[in-house]
>>> print(open('input32.tsv').read())   # TSV, C-alpha atoms
chain	number	residue	atom	x	y	z
A	7	MET	CA	3.50	-12.77	-2.63
A	8	ALA	CA	3.73	-9.82	-5.02
A	9	THR	CA	5.46	-9.61	-8.36
A	10	SER	CA	7.62	-6.60	-9.02
A	11	SER	CA	10.45	-5.53	-11.26
A	12	ALA	CA	10.99	-2.38	-9.20
A	13	CYS	CA	8.78	-0.84	-6.57
A	14	TRP	CA	8.84	1.50	-3.62
A	15	LEU	CA	7.97	0.42	-0.07
A	16	GLU	CA	6.61	2.36	2.90
A	17	LEU	CA	5.97	1.27	6.50
A	18	GLU	CA	2.72	2.72	7.83
A	19	ILE	CA	0.09	2.45	10.52
A	20	ALA	CA	-3.40	1.69	9.24
A	21	PHE	CA	-6.77	2.04	10.97
A	22	ARG	CA	-10.28	0.60	10.73
A	23	PHE	CA	-13.31	2.07	12.43
A	24	ALA	CA	-15.53	-0.07	14.67
A	25	GLU	CA	-18.73	1.08	12.96
A	26	ALA	CA	-19.93	3.05	9.97
A	27	ILE	CA	-19.49	6.82	10.27
A	28	GLU	CA	-22.35	8.68	8.67
A	29	PRO	CA	-22.23	12.14	7.12
A	30	ARG	CA	-23.66	14.95	9.22
A	31	ASN	CA	-23.98	18.73	9.15
A	32	ARG	CA	-21.50	19.52	11.93
A	33	ALA	CA	-17.85	18.50	12.16
A	34	TYR	CA	-16.78	15.48	14.16
A	35	ALA	CA	-14.54	16.40	17.10
A	36	ARG	CA	-11.19	14.64	17.48
A	37	ASP	CA	-12.38	12.72	20.57
A	38	GLU	CA	-15.49	11.53	18.70
A	39	VAL	CA	-13.42	10.23	15.79
A	40	LEU	CA	-10.88	8.47	17.99
A	41	ALA	CA	-13.67	6.88	20.04
A	42	LEU	CA	-14.87	5.22	16.81
A	43	VAL	CA	-11.50	3.64	15.93
A	44	GLY	CA	-11.78	-0.13	16.19
A	45	VAL	CA	-8.37	-1.54	15.29
A	46	VAL	CA	-4.87	-0.49	14.32
A	47	LEU	CA	-2.64	-2.48	11.96
A	48	PRO	CA	1.00	-2.41	10.89
A	49	ALA	CA	1.09	-2.03	7.09
A	50	ILE	CA	3.48	-2.05	4.17
A	51	GLU	CA	2.36	0.02	1.22
A	52	ILE	CA	3.72	-0.97	-2.15
A	53	VAL	CA	3.92	2.31	-3.99
A	54	ASP	CA	3.34	2.07	-7.71
A	55	SER	CA	2.76	4.64	-10.40
A	56	ARG	CA	1.78	4.86	-14.02
A	57	PHE	CA	4.44	7.58	-14.44
A	58	ALA	CA	7.88	6.33	-15.48
A	59	GLU	CA	9.52	9.42	-13.93
A	60	TRP	CA	7.91	8.89	-10.48
A	61	PRO	CA	8.63	10.20	-7.84
A	62	ASN	CA	9.60	13.31	-9.82
A	63	VAL	CA	6.00	14.10	-10.70
A	64	VAL	CA	4.05	17.24	-9.81
A	65	PRO	CA	1.71	16.77	-6.80
A	66	LEU	CA	-1.53	17.12	-8.79
A	67	ALA	CA	-0.41	14.39	-11.18
A	68	GLN	CA	0.36	12.16	-8.18
A	69	ARG	CA	-3.19	12.69	-6.91
A	70	ALA	CA	-4.54	11.77	-10.33
A	71	ASP	CA	-2.37	8.65	-10.10
A	72	ALA	CA	-4.37	7.50	-7.02
A	73	GLN	CA	-1.63	8.79	-4.71
A	74	ASN	CA	0.58	6.04	-6.17
A	75	ASN	CA	-0.92	3.20	-4.12
A	76	GLY	CA	-0.16	-0.13	-5.79
A	77	ALA	CA	-1.02	-2.50	-2.92
A	78	LEU	CA	-1.37	-2.62	0.83
A	79	VAL	CA	-0.27	-5.52	3.01
A	80	THR	CA	-1.38	-5.49	6.64
A	81	GLY	CA	-0.44	-7.40	9.74
A	82	HIS	CA	-2.92	-8.58	12.35
A	83	PRO	CA	-5.30	-6.00	13.83
A	84	VAL	CA	-4.77	-4.76	17.38
A	85	ALA	CA	-7.66	-3.27	19.37
A	86	TYR	CA	-7.30	0.50	19.56
A	87	ALA	CA	-9.03	0.92	22.95
A	88	GLY	CA	-6.15	-0.32	25.13
A	89	LEU	CA	-3.38	0.62	22.71
A	90	ALA	CA	-4.20	4.33	22.53
A	91	ARG	CA	-3.24	5.14	26.12
A	92	GLY	CA	0.35	3.90	25.96
A	93	PHE	CA	1.27	3.82	22.28
A	94	ASP	CA	3.56	6.49	20.81
A	95	PHE	CA	1.88	7.32	17.49
A	96	VAL	CA	4.35	10.15	16.79
A	97	SER	CA	7.58	8.13	16.97
A	98	PRO	CA	7.00	4.42	17.60
A	99	GLU	CA	9.84	1.93	17.78
A	100	LEU	CA	9.89	0.24	14.38
A	101	GLU	CA	11.86	-1.66	11.78
A	102	LEU	CA	11.55	-2.10	8.02
A	103	SER	CA	13.95	-4.42	6.25
A	104	PHE	CA	14.51	-5.90	2.83
A	105	ASP	CA	16.29	-9.27	2.82
A	106	GLY	CA	17.55	-8.57	6.33
A	107	GLN	CA	18.97	-5.10	5.51
A	108	SER	CA	17.42	-2.28	7.51
A	109	LEU	CA	15.72	0.47	5.51
A	110	VAL	CA	15.18	2.69	8.55
A	111	PRO	CA	16.86	6.11	8.30
A	112	ASP	CA	18.43	7.93	11.25
A	113	ALA	CA	15.33	10.11	11.65
A	114	THR	CA	11.88	8.57	11.50
A	115	GLY	CA	8.42	10.04	11.82
A	116	ASN	CA	5.11	10.55	10.13
A	117	PRO	CA	4.80	13.72	7.99
A	118	ALA	CA	1.55	14.52	9.87
A	119	GLY	CA	3.13	14.11	13.30
A	120	ASP	CA	0.40	12.07	14.98
A	121	PRO	CA	-1.22	10.12	12.12
A	122	ARG	CA	-4.56	10.08	13.94
A	123	GLU	CA	-4.96	13.75	12.97
A	124	LEU	CA	-5.36	12.52	9.39
A	125	LEU	CA	-8.27	10.33	10.53
A	126	VAL	CA	-10.04	13.36	11.96
A	127	TRP	CA	-9.51	15.26	8.71
A	128	PHE	CA	-10.66	12.26	6.63
A	129	VAL	CA	-13.85	11.71	8.64
A	130	ASN	CA	-14.82	15.35	8.34
A	131	HIS	CA	-13.92	15.48	4.64
A	132	CYS	CA	-16.10	12.43	3.96
A	133	ALA	CA	-18.93	13.83	6.08
A	134	ALA	CA	-18.84	17.10	4.11
A	135	MET	CA	-18.91	15.13	0.83
A	136	GLY	CA	-21.86	12.97	1.97
A	137	ILE	CA	-19.76	9.78	2.10
A	138	THR	CA	-20.34	7.10	4.73
A	139	ILE	CA	-17.10	5.52	6.00
A	140	GLU	CA	-17.54	1.77	6.24
A	141	PRO	CA	-15.93	-0.25	9.06
A	142	GLU	CA	-14.18	-2.62	6.64
A	143	TRP	CA	-12.23	0.22	5.02
A	144	THR	CA	-8.52	0.19	5.85
A	145	LEU	CA	-7.23	3.75	6.14
A	146	THR	CA	-3.53	4.44	5.82
A	147	THR	CA	-1.91	7.52	7.28
A	148	GLY	CA	1.50	7.99	5.72
A	149	PHE	CA	4.93	6.49	6.16
A	150	TYR	CA	7.36	6.58	9.08
A	151	VAL	CA	10.61	5.74	7.28
A	152	GLY	CA	10.17	7.29	3.84
A	153	ALA	CA	9.75	5.38	0.60
A	154	HIS	CA	12.43	2.85	-0.33
A	155	LYS	CA	13.02	1.54	-3.84
A	156	VAL	CA	13.74	-2.15	-4.35
A	157	GLY	CA	14.41	-3.65	-7.74
A	158	LYS	CA	14.77	-7.36	-7.11
A	159	PRO	CA	12.91	-10.24	-5.45
A	160	GLY	CA	13.18	-10.51	-1.69
A	161	ILE	CA	11.47	-10.52	1.69
A	162	VAL	CA	10.14	-7.28	3.14
A	163	ARG	CA	9.52	-7.26	6.89
A	164	GLY	CA	8.01	-4.50	8.94
A	165	HIS	CA	7.65	-4.34	12.70
A	166	ILE	CA	6.06	-1.69	14.88
A	167	ASP	CA	6.43	-2.26	18.63
A	168	GLY	CA	3.00	-2.71	20.16
A	169	LEU	CA	1.37	-3.50	16.80
A	170	GLY	CA	3.33	-6.47	15.54
A	171	GLU	CA	4.71	-7.72	12.24
A	172	VAL	CA	3.86	-7.45	8.56
A	173	GLU	CA	5.70	-9.33	5.83
A	174	ILE	CA	5.59	-9.80	2.07
A	175	GLU	CA	7.68	-11.71	-0.42
A	176	LEU	CA	8.40	-9.84	-3.65
A	177	THR	CA	9.00	-12.16	-6.60
>>> encode(input="input32.tsv", output="structure tokens")
Amino acid sequence: MATSSACWLELEIAFRFAEAIEPRNRAYARDEVLALVGVVLPAIEIVDSRFAEWPNVVPLAQRADAQNNGALVTGHPVAYAGLARGFDFVSPELELSFDGQSLVPDATGNPAGDPRELLVWFVNHCAAMGITIEPEWTLTTGFYVGAHKVGKPGIVRGHIDGLGEVEIELT
């Protein structure tokens, strides 16, 4: 349960690696990074900001605002190994609803295309910065249905075929 007077919601796919990924001098290849993915989770991000005028804030201010992440709610993890072969990461079948009303627009998709490309970038960015990625970290990769503002209590449900459900009650 989360308390909110008004917040924005996003439906995302999140990832956790199976083991720690250590920094190194050469870049990790895409296949190496994906071989280290342990689980995939459906997720609802509750977007929150310290700026009253959000989302009309310049991009650098948004970064300073921790990319506007207020909270992350995840569903149950699904093993990546079997999922990867048949799962459509670019345009999965999905649903996001608030009190039974669909929030899914006509066109859906992740701004990065395949969100796993962001994992490859993230691993190499952390490696270059000398940061070890821990397996308990939950990494989000951007929305599929945009951000949707809700200003009252209610039930938010997300579903991504092949990954399962995620739900939160806003009070």
>>> residues_around(input="input32.tsv", residues="Leu100 of chain A", least_positions_apart="6", cutoff="8 Å", atoms="all atoms listed in the file", output="ChimeraX atom specification")
/A:164-167
>>> residues_around(input="input32.tsv", residues="segment 78-94 of chain A", least_positions_apart="6", cutoff="8 Å", atoms="only C-alpha atoms", output="NGL selection string")
:A and (20 or 43-52 or 168-174)
>>> closest_residue(input="input32.tsv", among="A:Ala12, A:Leu125, A:Ala33, A:Lys158", to="Ile139 of chain A", atoms="all atoms listed in the file")
A:Leu125
>>> residues_around(input="input32.tsv", residues="Cys132 of chain A", least_positions_apart="6", cutoff="10 Å", atoms="all atoms listed in the file", output="list of chain:residue names")
A:Ile27, A:Glu28, A:Pro29, A:Arg30, A:Thr138, A:Ile139
>>> write_last_selection(input="input32.tsv", atoms="C-alpha atoms", output="PDB file, in the coordinates of the input")
ATOM      1  CA  ILE A  27     -19.490   6.820  10.270  1.00  0.00           C
ATOM      2  CA  GLU A  28     -22.350   8.680   8.670  1.00  0.00           C
ATOM      3  CA  PRO A  29     -22.230  12.140   7.120  1.00  0.00           C
ATOM      4  CA  ARG A  30     -23.660  14.950   9.220  1.00  0.00           C
ATOM      5  CA  THR A 138     -20.340   7.100   4.730  1.00  0.00           C
ATOM      6  CA  ILE A 139     -17.100   5.520   6.000  1.00  0.00           C
TER       7      ILE A 139
END
>>> atom_distance(input="input32.tsv", atom1="atom CA of Leu176 of chain A", atom2="atom CA of Thr147 of chain A")
23.0 Å
>>> atom_distance(input="input32.tsv", atom1="atom CA of Gly119 of chain A", atom2="atom CA of Gly152 of chain A")
13.6 Å
>>> closest_residue(input="input32.tsv", among="A:Pro121, A:Phe104, A:Pro141, A:Phe21", to="Gly157 of chain A", atoms="only C-alpha atoms")
A:Phe104
>>> atom_distance(input="input32.tsv", atom1="atom CA of Thr177 of chain A", atom2="atom CA of Leu109 of chain A")
18.7 Å
